[in-house]
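Novice: The structure is given below, and queries will be raised subsequently.
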Amino acid sequence: MPCMIEAPTGIAMAIDPLVTRILAPNPSPYTYTGTQTYLVGEADLAVIDPGPDEPAHLDALVMAIAGRPVKAILCTHTHRDHSPASRPLQDRTGARVIGCAPLVLKDAGPRADASFDTSYAPDLVLDDGETVAGEGWTLEAVATPGHTSNHLCFSLRETGALFTGDHVMGWSTTVVAPPDGDMTAYMASLDKLMAREDRIYFPAHGEPIDKPQRFVRGLIGHRRQREGQILRLLRQDVGEVPAMVERMYVGLDPRLTGAAGRSVLAHLIDLRGRGLVREDNGAWRMAA
């Protein structure tokens, strides 16, 4: 994990044509410097990933909106660092909440991200390829399940920018935590992005990614490397997830051990689905 960097929270920064970024005050080992909310448009606006329900962040968003009409409040997914501010922001702007489907999942396992937002209630759910538009901008939903089953990215057609939420982050690999996180779906979603021609990515955490295809190719390679490590350990009869984590993640921040275990489990479930491994009473083995 890279070192935490200083970043101004609550400051509206124009970073690309039609795009302004406001950083929420929720830094952590899992959110990096915090969740980034994006305003899209000039005369009227879309708000992407309004973030946590923090009064200071909400005030910063309202100040940046500066009285302009908000056509839509868009959420990439429903983890609590992304969607809770949609409700108070809707109250203050009158905008519709649009984007991903609701998802509430009881999950008692160790998580590396915020839990689900149980109160998220969109006015409209976008399917893959559907759009919302304002004056001079059009945002298209790009379904990218994997991090969560309801995850969407949003493509700004006018400039070639893609808002990637947590599917592709600018500081770390994405957490894929079963039972809802799905490595098979995540890898398919990465392949989907590889086939696109986006100019730049704006993730919810971390800096913009200006060479998207190269970056995604690296993510795919990283996941294949992890998969290879797991298969080698299974051939050495190391079949328990904690033991795998200990060998695969040398020097890992202890706070992230649970997250690493969930990622290993996601890989194992994917490998089982492909007929390469099997599970016996909590221990994993090669299928043949």
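Residue numbering restarts at 1 in every chain; chains get A, B, ... in the order shown in the structure tokens, and ligands count up from 1 in that same order.
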Would you kindly return, as a compact mmCIF listing (two decimals) with all heavy atoms, in the first residue's frame, each protein, DNA or RNA residue with an atom no farther than 7 Å from any atom of Ser263 (chain A), considering only C-alpha atoms and excluding same-chain residues fewer than 6 positions away?
Specialist:
```txt
# COMPACT_ATOMS: atom_id res chain seq x y z
N VAL A 175 -10.78 -4.43 -3.72
CA VAL A 175 -11.19 -5.53 -2.86
C VAL A 175 -12.31 -6.32 -3.54
O VAL A 175 -13.29 -5.74 -4.00
CB VAL A 175 -11.68 -5.00 -1.50
CG1 VAL A 175 -12.25 -6.14 -0.65
CG2 VAL A 175 -10.56 -4.30 -0.78
N VAL A 176 -12.15 -7.62 -3.60
CA VAL A 176 -13.20 -8.52 -4.10
C VAL A 176 -13.48 -9.50 -2.97
O VAL A 176 -12.72 -10.44 -2.75
CB VAL A 176 -12.76 -9.25 -5.38
CG1 VAL A 176 -13.88 -10.16 -5.88
CG2 VAL A 176 -12.35 -8.25 -6.46
N ALA A 177 -14.54 -9.22 -2.22
CA ALA A 177 -14.80 -9.94 -0.97
C ALA A 177 -16.09 -10.74 -1.07
O ALA A 177 -17.19 -10.16 -1.09
CB ALA A 177 -14.89 -8.96 0.20
```
Novice: What's the 7 Å shell around Arg96 (chain A), counting only C-alpha atoms, without same-chain residues fewer than 4 positions away, as a PDB file with N, CA, C and O atoms, in the first residue's frame?
Specialist:
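Final output, result26.pdb:
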```pdb
ATOM      1  N   LYS A  71     -29.156  17.633 -12.149  1.00  0.00           N
ATOM      2  CA  LYS A  71     -30.038  16.740 -12.903  1.00  0.00           C
ATOM      3  C   LYS A  71     -30.081  15.340 -12.320  1.00  0.00           C
ATOM      4  O   LYS A  71     -31.087  14.640 -12.458  1.00  0.00           O
ATOM      5  N   ALA A  72     -28.982  14.912 -11.677  1.00  0.00           N
ATOM      6  CA  ALA A  72     -28.924  13.543 -11.176  1.00  0.00           C
ATOM      7  C   ALA A  72     -27.838  13.406 -10.126  1.00  0.00           C
ATOM      8  O   ALA A  72     -26.779  14.024 -10.233  1.00  0.00           O
ATOM      9  N   ILE A  73     -28.120  12.603  -9.123  1.00  0.00           N
ATOM     10  CA  ILE A  73     -27.133  12.151  -8.143  1.00  0.00           C
ATOM     11  C   ILE A  73     -26.887  10.684  -8.453  1.00  0.00           C
ATOM     12  O   ILE A  73     -27.791   9.849  -8.303  1.00  0.00           O
ATOM     13  N   GLN A  90     -30.075  15.092  -1.971  1.00  0.00           N
ATOM     14  CA  GLN A  90     -31.361  15.168  -2.663  1.00  0.00           C
ATOM     15  C   GLN A  90     -32.293  16.160  -1.962  1.00  0.00           C
ATOM     16  O   GLN A  90     -32.976  16.956  -2.612  1.00  0.00           O
ATOM     17  N   ASP A 123     -34.258   6.637  -7.225  1.00  0.00           N
ATOM     18  CA  ASP A 123     -35.472   6.929  -7.977  1.00  0.00           C
ATOM     19  C   ASP A 123     -35.489   6.198  -9.310  1.00  0.00           C
ATOM     20  O   ASP A 123     -36.555   5.935  -9.870  1.00  0.00           O
TER      21      ASP A 123
END
```
Novice: Tell me which of A:Asp53, A:Asp127, A:Asp166, A:Glu240 sits closest to Ala204 (chain A), counting only C-alpha atoms.
Specialist: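 Of A:Asp53, A:Asp127, A:Asp166, A:Glu240, the one nearest Ala204 (chain A), counting only C-alpha atoms, is A:Asp166.
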Novice: Can you list, as a PDB file with all heavy atoms, in the first residue's frame, every protein, DNA or RNA residue that comes within 6 Å of region 195-202 of chain A when you count only C-alpha atoms, leaving out same-chain residues fewer than 6 positions away?
Specialist:
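Result file follows (around_12.pdb):
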```pdb
ATOM      1  N   GLY A 160     -14.633  11.283 -23.234  1.00  0.00           N
ATOM      2  CA  GLY A 160     -13.920  10.017 -23.132  1.00  0.00           C
ATOM      3  C   GLY A 160     -13.447   9.677 -21.734  1.00  0.00           C
ATOM      4  O   GLY A 160     -12.600   8.796 -21.554  1.00  0.00           O
ATOM      5  N   ALA A 161     -13.983  10.347 -20.716  1.00  0.00           N
ATOM      6  CA  ALA A 161     -13.635  10.035 -19.326  1.00  0.00           C
ATOM      7  C   ALA A 161     -14.548   8.928 -18.800  1.00  0.00           C
ATOM      8  O   ALA A 161     -15.722   8.845 -19.170  1.00  0.00           O
ATOM      9  CB  ALA A 161     -13.772  11.278 -18.455  1.00  0.00           C
ATOM     10  N   LEU A 162     -13.994   8.096 -17.939  1.00  0.00           N
ATOM     11  CA  LEU A 162     -14.765   7.040 -17.285  1.00  0.00           C
ATOM     12  C   LEU A 162     -14.594   7.166 -15.780  1.00  0.00           C
ATOM     13  O   LEU A 162     -13.471   7.179 -15.272  1.00  0.00           O
ATOM     14  CB  LEU A 162     -14.292   5.656 -17.738  1.00  0.00           C
ATOM     15  CG  LEU A 162     -15.130   4.481 -17.218  1.00  0.00           C
ATOM     16  CD1 LEU A 162     -16.491   4.430 -17.922  1.00  0.00           C
ATOM     17  CD2 LEU A 162     -14.391   3.147 -17.408  1.00  0.00           C
ATOM     18  N   PHE A 163     -15.714   7.272 -15.073  1.00  0.00           N
ATOM     19  CA  PHE A 163     -15.710   7.327 -13.612  1.00  0.00           C
ATOM     20  C   PHE A 163     -15.843   5.892 -13.116  1.00  0.00           C
ATOM     21  O   PHE A 163     -16.877   5.247 -13.296  1.00  0.00           O
ATOM     22  CB  PHE A 163     -16.859   8.209 -13.128  1.00  0.00           C
ATOM     23  CG  PHE A 163     -16.757   9.634 -13.631  1.00  0.00           C
ATOM     24  CD1 PHE A 163     -17.343   9.989 -14.842  1.00  0.00           C
ATOM     25  CD2 PHE A 163     -16.050  10.581 -12.919  1.00  0.00           C
ATOM     26  CE1 PHE A 163     -17.226  11.281 -15.326  1.00  0.00           C
ATOM     27  CE2 PHE A 163     -15.929  11.884 -13.400  1.00  0.00           C
ATOM     28  CZ  PHE A 163     -16.518  12.234 -14.610  1.00  0.00           C
ATOM     29  N   PRO A 208      -6.215  10.349 -10.941  1.00  0.00           N
ATOM     30  CA  PRO A 208      -6.672   9.945 -12.278  1.00  0.00           C
ATOM     31  C   PRO A 208      -5.675   9.002 -12.949  1.00  0.00           C
ATOM     32  O   PRO A 208      -4.471   9.042 -12.695  1.00  0.00           O
ATOM     33  CB  PRO A 208      -6.772  11.273 -13.030  1.00  0.00           C
ATOM     34  CG  PRO A 208      -6.967  12.306 -11.963  1.00  0.00           C
ATOM     35  CD  PRO A 208      -6.155  11.817 -10.786  1.00  0.00           C
ATOM     36  N   ILE A 209      -6.207   8.177 -13.830  1.00  0.00           N
ATOM     37  CA  ILE A 209      -5.411   7.183 -14.546  1.00  0.00           C
ATOM     38  C   ILE A 209      -5.428   7.564 -16.017  1.00  0.00           C
ATOM     39  O   ILE A 209      -6.467   7.459 -16.694  1.00  0.00           O
ATOM     40  CB  ILE A 209      -5.985   5.764 -14.328  1.00  0.00           C
ATOM     41  CG1 ILE A 209      -5.916   5.397 -12.840  1.00  0.00           C
ATOM     42  CG2 ILE A 209      -5.245   4.744 -15.186  1.00  0.00           C
ATOM     43  CD1 ILE A 209      -6.807   4.247 -12.445  1.00  0.00           C
ATOM     44  N   ASP A 210      -4.287   8.043 -16.535  1.00  0.00           N
ATOM     45  CA  ASP A 210      -4.272   8.618 -17.878  1.00  0.00           C
ATOM     46  C   ASP A 210      -3.857   7.638 -18.968  1.00  0.00           C
ATOM     47  O   ASP A 210      -3.853   7.994 -20.151  1.00  0.00           O
ATOM     48  CB  ASP A 210      -3.391   9.866 -17.924  1.00  0.00           C
ATOM     49  CG  ASP A 210      -1.941   9.597 -17.549  1.00  0.00           C
ATOM     50  OD1 ASP A 210      -1.580   8.400 -17.367  1.00  0.00           O
ATOM     51  OD2 ASP A 210      -1.169  10.562 -17.434  1.00  0.00           O
TER      52      ASP A 210
END
```
Novice: Could you tell me how far CA of Asp180 (chain A) sits from CA of Gln229 (chain A), in Å to one decimal place?
Specialist: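 Atom-to-atom, CA of Gln229 (chain A) to CA of Asp180 (chain A), that is 23.4 Å.
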Novice: Using only C-alpha atoms, which of A:Ile230, A:Ala46, A:Leu156, A:Met169 sits nearest Thr138 (chain A)?
Specialist: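 The shortest atom-to-atom distance to Thr138 (chain A) comes from A:Leu156.
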Novice: Given only C-alpha atoms as the basis, pick out the residue of A:Cys153, A:Leu45, A:Ala143, A:Ile22 nearest to Ala188 (chain A).
Specialist: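 For Ala188 (chain A), the nearest of the candidates is A:Ala143.
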Novice: Near Gly282 (chain A), within 12 Å and counting only C-alpha atoms, which residues show up once chain neighbours fewer than 5 positions away are dropped, as JSON, numbers by chain?
Specialist: {"A": [239, 240, 241, 242, 265, 268]}
Novice: Might you pull out every residue within 12 Å of Gly67 (chain A), with only C-alpha atoms counted and same-chain residues fewer than 3 positions away left off, and present them as a list in words?
Specialist: Glu42, Ala43, Asp44, Leu45, Leu61, Val62, Met63, Ala64, Val70, Arg92, Thr93 and Gly94 of chain A
Novice: Include C-alpha atoms and write out the residues we just selected as a PDB file, in the first residue's frame.
Specialist:
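Listed below is the output, result_23.pdb:
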```pdb
ATOM      1  CA  GLU A  42     -21.298  23.446 -16.130  1.00  0.00           C
ATOM      2  CA  ALA A  43     -24.764  24.990 -16.540  1.00  0.00           C
ATOM      3  CA  ASP A  44     -26.397  22.001 -14.892  1.00  0.00           C
ATOM      4  CA  LEU A  45     -24.785  19.089 -13.101  1.00  0.00           C
ATOM      5  CA  LEU A  61     -20.818  19.855  -2.288  1.00  0.00           C
ATOM      6  CA  VAL A  62     -23.584  22.439  -1.960  1.00  0.00           C
ATOM      7  CA  MET A  63     -21.019  25.243  -2.119  1.00  0.00           C
ATOM      8  CA  ALA A  64     -19.479  23.765  -5.282  1.00  0.00           C
ATOM      9  CA  VAL A  70     -28.578  19.137 -10.351  1.00  0.00           C
ATOM     10  CA  ARG A  92     -31.024  20.142  -0.563  1.00  0.00           C
ATOM     11  CA  THR A  93     -31.085  20.065  -4.368  1.00  0.00           C
ATOM     12  CA  GLY A  94     -34.267  18.255  -5.373  1.00  0.00           C
TER      13      GLY A  94
END
```
Novice: Using DSSP on the backbone coordinates, identify the residues of region 2-79 of chain A assigned to helix (DSSP H, G or I); present them as a list in words.
Specialist: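 So the helix (DSSP H, G or I) residues in region 2-79 of chain A would be Pro55, Ala56, His57, Leu58, Asp59, Ala60, Leu61, Val62, Met63, Ala64 and Ile65 of chain A.
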Novice: What does the structure give for the distance between CA of Ala56 (chain A) and CA of Thr164 (chain A), in Å to one decimal?
Specialist: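 A separation of 24.2 Å between them.
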